[in-house]
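Chemist: Following this line is final-v1.pdb, made up of PDB, C-alpha atoms, pLDDT in the B column:
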```
ATOM      1  CA  MET A   1       3.734   7.908 -21.569  1.00 65.00           C
ATOM      2  CA  ALA A   2       0.960   5.422 -20.828  1.00 84.00           C
ATOM      3  CA  LEU A   3      -1.122   5.642 -17.675  1.00 91.00           C
ATOM      4  CA  PRO A   4      -0.650   2.800 -15.167  1.00 93.00           C
ATOM      5  CA  GLU A   5      -3.382   0.197 -14.808  1.00 94.00           C
ATOM      6  CA  ARG A   6      -3.368   0.586 -11.026  1.00 94.00           C
ATOM      7  CA  GLN A   7      -1.935   2.722  -8.250  1.00 95.00           C
ATOM      8  CA  ILE A   8      -0.715   1.582  -4.860  1.00 94.00           C
ATOM      9  CA  LEU A   9      -1.180   4.282  -2.240  1.00 93.00           C
ATOM     10  CA  VAL A  10       1.014   3.849   0.841  1.00 89.00           C
ATOM     11  CA  CYS A  11       0.294   5.940   3.933  1.00 84.00           C
ATOM     12  CA  GLN A  12       3.312   7.954   5.023  1.00 78.00           C
ATOM     13  CA  SER A  13       1.500   9.817   7.832  1.00 71.00           C
ATOM     14  CA  PHE A  14       1.978  13.340   6.472  1.00 65.00           C
ATOM     15  CA  ARG A  15      -0.433  15.718   8.237  1.00 61.00           C
ATOM     16  CA  VAL A  16      -1.221  19.401   8.463  1.00 62.00           C
ATOM     17  CA  LYS A  17       1.478  21.393  10.262  1.00 67.00           C
ATOM     18  CA  GLY A  18       0.927  21.199  13.999  1.00 61.00           C
ATOM     19  CA  ASP A  19      -1.013  17.912  13.963  1.00 61.00           C
ATOM     20  CA  PRO A  20       0.878  14.993  15.481  1.00 57.00           C
ATOM     21  CA  LYS A  21       2.283  12.703  12.805  1.00 60.00           C
ATOM     22  CA  GLY A  22       0.761   9.214  12.559  1.00 61.00           C
ATOM     23  CA  ILE A  23       2.605   5.912  12.864  1.00 62.00           C
ATOM     24  CA  CYS A  24       2.478   4.395   9.376  1.00 64.00           C
ATOM     25  CA  HIS A  25       5.713   6.013   8.197  1.00 58.00           C
ATOM     26  CA  LYS A  26       7.589   4.500  11.166  1.00 59.00           C
ATOM     27  CA  GLN A  27       6.437   0.992  10.261  1.00 61.00           C
ATOM     28  CA  THR A  28       6.965   1.194   6.505  1.00 60.00           C
ATOM     29  CA  ASP A  29      10.601   2.244   6.299  1.00 64.00           C
ATOM     30  CA  GLY A  30      11.944   0.900   3.011  1.00 69.00           C
ATOM     31  CA  PHE A  31       8.545  -0.378   1.864  1.00 78.00           C
ATOM     32  CA  LEU A  32       8.148   1.981  -1.055  1.00 83.00           C
ATOM     33  CA  GLN A  33      11.378   0.664  -2.536  1.00 88.00           C
ATOM     34  CA  TYR A  34      10.415  -2.942  -1.831  1.00 90.00           C
ATOM     35  CA  ILE A  35       6.944  -2.541  -3.378  1.00 91.00           C
ATOM     36  CA  GLU A  36       8.389  -0.823  -6.447  1.00 92.00           C
ATOM     37  CA  GLU A  37      10.909  -3.649  -6.952  1.00 94.00           C
ATOM     38  CA  GLU A  38       8.220  -6.304  -6.481  1.00 94.00           C
ATOM     39  CA  ILE A  39       5.818  -4.809  -9.018  1.00 95.00           C
ATOM     40  CA  LEU A  40       8.666  -4.564 -11.538  1.00 95.00           C
ATOM     41  CA  ASP A  41       9.756  -8.163 -10.863  1.00 96.00           C
ATOM     42  CA  ARG A  42       6.169  -9.363 -11.276  1.00 95.00           C
ATOM     43  CA  GLY A  43       5.600  -7.308 -14.423  1.00 95.00           C
ATOM     44  CA  LEU A  44       2.619  -5.483 -12.927  1.00 95.00           C
ATOM     45  CA  ASP A  45       1.500  -2.198 -14.490  1.00 95.00           C
ATOM     46  CA  MET A  46       1.314  -0.157 -11.285  1.00 94.00           C
ATOM     47  CA  GLN A  47       2.535   3.094  -9.809  1.00 94.00           C
ATOM     48  CA  VAL A  48       3.533   3.450  -6.131  1.00 93.00           C
ATOM     49  CA  VAL A  49       2.446   6.681  -4.431  1.00 91.00           C
ATOM     50  CA  ALA A  50       3.331   7.931  -0.926  1.00 87.00           C
ATOM     51  CA  THR A  51       0.339   9.675   0.637  1.00 86.00           C
ATOM     52  CA  GLY A  52      -0.571  11.865   3.516  1.00 82.00           C
ATOM     53  CA  CYS A  53      -2.361  10.375   6.500  1.00 83.00           C
ATOM     54  CA  LEU A  54      -5.180   8.071   5.380  1.00 86.00           C
ATOM     55  CA  LYS A  55      -6.852   8.424   8.798  1.00 84.00           C
ATOM     56  CA  GLN A  56      -6.831   4.712   9.596  1.00 85.00           C
ATOM     57  CA  CYS A  57      -4.055   4.866  12.217  1.00 80.00           C
ATOM     58  CA  GLU A  58      -5.581   2.149  14.425  1.00 83.00           C
ATOM     59  CA  ALA A  59      -5.276  -0.307  11.522  1.00 85.00           C
ATOM     60  CA  GLY A  60      -1.983   0.959  10.075  1.00 78.00           C
ATOM     61  CA  PRO A  61       0.168   0.768   8.187  1.00 86.00           C
ATOM     62  CA  ILE A  62      -2.340   1.195   5.368  1.00 89.00           C
ATOM     63  CA  MET A  63      -2.026   0.434   1.669  1.00 92.00           C
ATOM     64  CA  VAL A  64      -4.767   1.150  -0.906  1.00 96.00           C
ATOM     65  CA  ILE A  65      -5.091  -0.332  -4.394  1.00 95.00           C
ATOM     66  CA  GLN A  66      -6.836   1.829  -6.985  1.00 96.00           C
ATOM     67  CA  PRO A  67      -9.054   1.690  -9.014  1.00 95.00           C
ATOM     68  CA  GLU A  68     -10.463  -1.276  -7.034  1.00 94.00           C
ATOM     69  CA  ASN A  69     -10.470   0.831  -3.839  1.00 95.00           C
ATOM     70  CA  TRP A  70      -9.170  -2.097  -1.785  1.00 96.00           C
ATOM     71  CA  TRP A  71      -7.875  -0.847   1.589  1.00 96.00           C
ATOM     72  CA  PHE A  72      -5.411  -3.107   3.387  1.00 96.00           C
ATOM     73  CA  LYS A  73      -4.471  -2.930   7.061  1.00 93.00           C
ATOM     74  CA  GLY A  74      -1.427  -4.066   8.992  1.00 90.00           C
ATOM     75  CA  VAL A  75       0.916  -3.816   6.022  1.00 88.00           C
ATOM     76  CA  GLY A  76       3.989  -3.932   8.235  1.00 83.00           C
ATOM     77  CA  SER A  77       6.151  -6.592   6.600  1.00 87.00           C
ATOM     78  CA  GLU A  78       7.416  -7.741   3.223  1.00 90.00           C
ATOM     79  CA  GLU A  79       5.438 -10.969   3.683  1.00 93.00           C
ATOM     80  CA  VAL A  80       2.173  -9.026   3.942  1.00 93.00           C
ATOM     81  CA  VAL A  81       3.055  -6.984   0.851  1.00 93.00           C
ATOM     82  CA  ASP A  82       3.807 -10.222  -1.013  1.00 95.00           C
ATOM     83  CA  THR A  83       0.445 -11.697   0.031  1.00 96.00           C
ATOM     84  CA  ILE A  84      -1.388  -8.584  -1.173  1.00 95.00           C
ATOM     85  CA  LEU A  85       0.481  -8.562  -4.498  1.00 95.00           C
ATOM     86  CA  ASP A  86      -0.185 -12.302  -4.927  1.00 96.00           C
ATOM     87  CA  GLY A  87      -3.886 -11.544  -4.521  1.00 95.00           C
ATOM     88  CA  LEU A  88      -3.695  -8.789  -7.126  1.00 92.00           C
ATOM     89  CA  GLU A  89      -2.125 -11.194  -9.593  1.00 93.00           C
ATOM     90  CA  ASP A  90      -4.984 -13.648  -8.877  1.00 92.00           C
ATOM     91  CA  GLY A  91      -7.611 -10.903  -9.204  1.00 91.00           C
ATOM     92  CA  GLU A  92      -8.774 -11.203  -5.580  1.00 92.00           C
ATOM     93  CA  PRO A  93      -7.947  -9.050  -2.558  1.00 93.00           C
ATOM     94  CA  ALA A  94      -5.988 -10.667   0.286  1.00 94.00           C
ATOM     95  CA  ALA A  95      -9.028 -11.033   2.553  1.00 94.00           C
ATOM     96  CA  GLU A  96      -7.093 -11.357   5.822  1.00 95.00           C
ATOM     97  CA  TYR A  97      -5.725  -7.808   5.414  1.00 96.00           C
ATOM     98  CA  LEU A  98      -8.725  -6.191   3.717  1.00 95.00           C
ATOM     99  CA  ILE A  99     -10.545  -3.440   5.608  1.00 93.00           C
ATOM    100  CA  ALA A 100     -14.240  -4.238   5.255  1.00 73.00           C
TER     101      ALA A 100
END
```
Taking this structure as input, can you express it in the form of structure tokens?
Modeler:
Amino acid sequence: MALPERQILVCQSFRVKGDPKGICHKQTDGFLQYIEEEILDRGLDMQVVATGCLKQCEAGPIMVIQPENWWFKGVGSEEVVDTILDGLEDGEPAAEYLIA
């Protein structure tokens, strides 16, 4: 099995037992499925990974593209995901959602 060219990390707010859970998982219901379908439709060589809390709650939901290490904020709709994936296809991060 070949390794993917990129990984998409999607915050799902998992935290250590006893810590209050973050908000990203509440705002990304169904996103993992949507992202997976979009990368397949676009023919992108990527893997989608649900993560623990990425500690950026004030900017959430958060999505990270590796290996570029592009961190995106406010990924709370399919339109935002589409904009970010469009940028990936063009080789540039979607600047309006990029965490500087």
Chemist: Kindly provide, as a VMD selection string, the polymer residues lying within 12 Å of (-5.3, -15.7, 2.8), counting all atoms listed in the file and using the coordinates exactly as they appear in the file.
Modeler: chain A and resid 79 to 80 82 to 87 90 92 to 98
Chemist: For the provided coordinates, the residues matched by the PyMOL selection byres ((chain A and resi 78) around 12) should be stated as a short mmCIF file (atom, residue, chain, number, x, y, z; two decimals) with C-alpha atoms, in the frame of the given file.
Modeler:
```
data_model
loop_
_atom_site.label_atom_id
_atom_site.label_comp_id
_atom_site.auth_asym_id
_atom_site.auth_seq_id
_atom_site.Cartn_x
_atom_site.Cartn_y
_atom_site.Cartn_z
CA GLN A 27 6.44 0.99 10.26
CA THR A 28 6.96 1.19 6.50
CA ASP A 29 10.60 2.24 6.30
CA GLY A 30 11.94 0.90 3.01
CA PHE A 31 8.54 -0.38 1.86
CA LEU A 32 8.15 1.98 -1.06
CA GLN A 33 11.38 0.66 -2.54
CA TYR A 34 10.42 -2.94 -1.83
CA ILE A 35 6.94 -2.54 -3.38
CA GLU A 36 8.39 -0.82 -6.45
CA GLU A 37 10.91 -3.65 -6.95
CA GLU A 38 8.22 -6.30 -6.48
CA GLY A 74 -1.43 -4.07 8.99
CA VAL A 75 0.92 -3.82 6.02
CA GLY A 76 3.99 -3.93 8.24
CA SER A 77 6.15 -6.59 6.60
CA GLU A 79 5.44 -10.97 3.68
CA VAL A 80 2.17 -9.03 3.94
CA VAL A 81 3.06 -6.98 0.85
CA ASP A 82 3.81 -10.22 -1.01
CA THR A 83 0.44 -11.70 0.03
CA ILE A 84 -1.39 -8.58 -1.17
CA LEU A 85 0.48 -8.56 -4.50
#
```
Chemist: Could you name the residues that touch range 41-53 of chain A at 8 Å or less, counting only C-alpha atoms, but leaving out those on the same chain fewer than 4 positions away, as a list in words?
Modeler: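 What passes the distance filter is Pro4, Glu5, Arg6, Gln7, Ile8, Leu9, Val10, Cys11, Gln12, Ser13, Phe14, Arg15, Gly22, Leu32, Ile35, Glu36 and Glu37 of chain A.
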Chemist: Save the residues we just selected, C-alpha atoms, as a tab-separated table (two decimals), keeping the file's coordinate frame?
Modeler:
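selection26.tsv, freshly written:
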```tsv
chain	number	residue	atom	x	y	z
A	4	PRO	CA	-0.65	2.80	-15.17
A	5	GLU	CA	-3.38	0.20	-14.81
A	6	ARG	CA	-3.37	0.59	-11.03
A	7	GLN	CA	-1.94	2.72	-8.25
A	8	ILE	CA	-0.72	1.58	-4.86
A	9	LEU	CA	-1.18	4.28	-2.24
A	10	VAL	CA	1.01	3.85	0.84
A	11	CYS	CA	0.29	5.94	3.93
A	12	GLN	CA	3.31	7.95	5.02
A	13	SER	CA	1.50	9.82	7.83
A	14	PHE	CA	1.98	13.34	6.47
A	15	ARG	CA	-0.43	15.72	8.24
A	22	GLY	CA	0.76	9.21	12.56
A	32	LEU	CA	8.15	1.98	-1.06
A	35	ILE	CA	6.94	-2.54	-3.38
A	36	GLU	CA	8.39	-0.82	-6.45
A	37	GLU	CA	10.91	-3.65	-6.95
```
Chemist: Could you please determine the separation between CA of Pro61 in chain A and CA of Ile99 in chain A in Å, to one decimal place?
Modeler: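 Going from CA of Pro61 in chain A over to CA of Ile99 in chain A, I get 11.8 Å.
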Chemist: Closest to Leu88 in chain A among A:Gly60, A:Ala2, A:Trp70, A:Leu54, using all atoms listed in the file?
Modeler: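 Looking at the shortest contact to Leu88 in chain A, the residue is A:Trp70.
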Chemist: What is the CA of Lys73 in chain A to CA of Gly91 in chain A distance in Å?
Modeler: 18.4 Å
Chemist: Find the distance between CA of Cys57 in chain A and CA of Glu89 in chain A and write it in Å to one decimal.
Modeler: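 CA of Cys57 in chain A sits 27.2 Å away from CA of Glu89 in chain A.
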Chemist: Quick one: 5 Å padding each side, axis-aligned, all listed atoms of range 6-13 of chain A - centre and edge lengths in Å to one decimal, as lines of an AutoDock Vina configuration file?
Modeler:
```
center_x = 0.0
center_y = 5.2
center_z = -1.6
size_x = 16.7
size_y = 19.2
size_z = 28.9
```
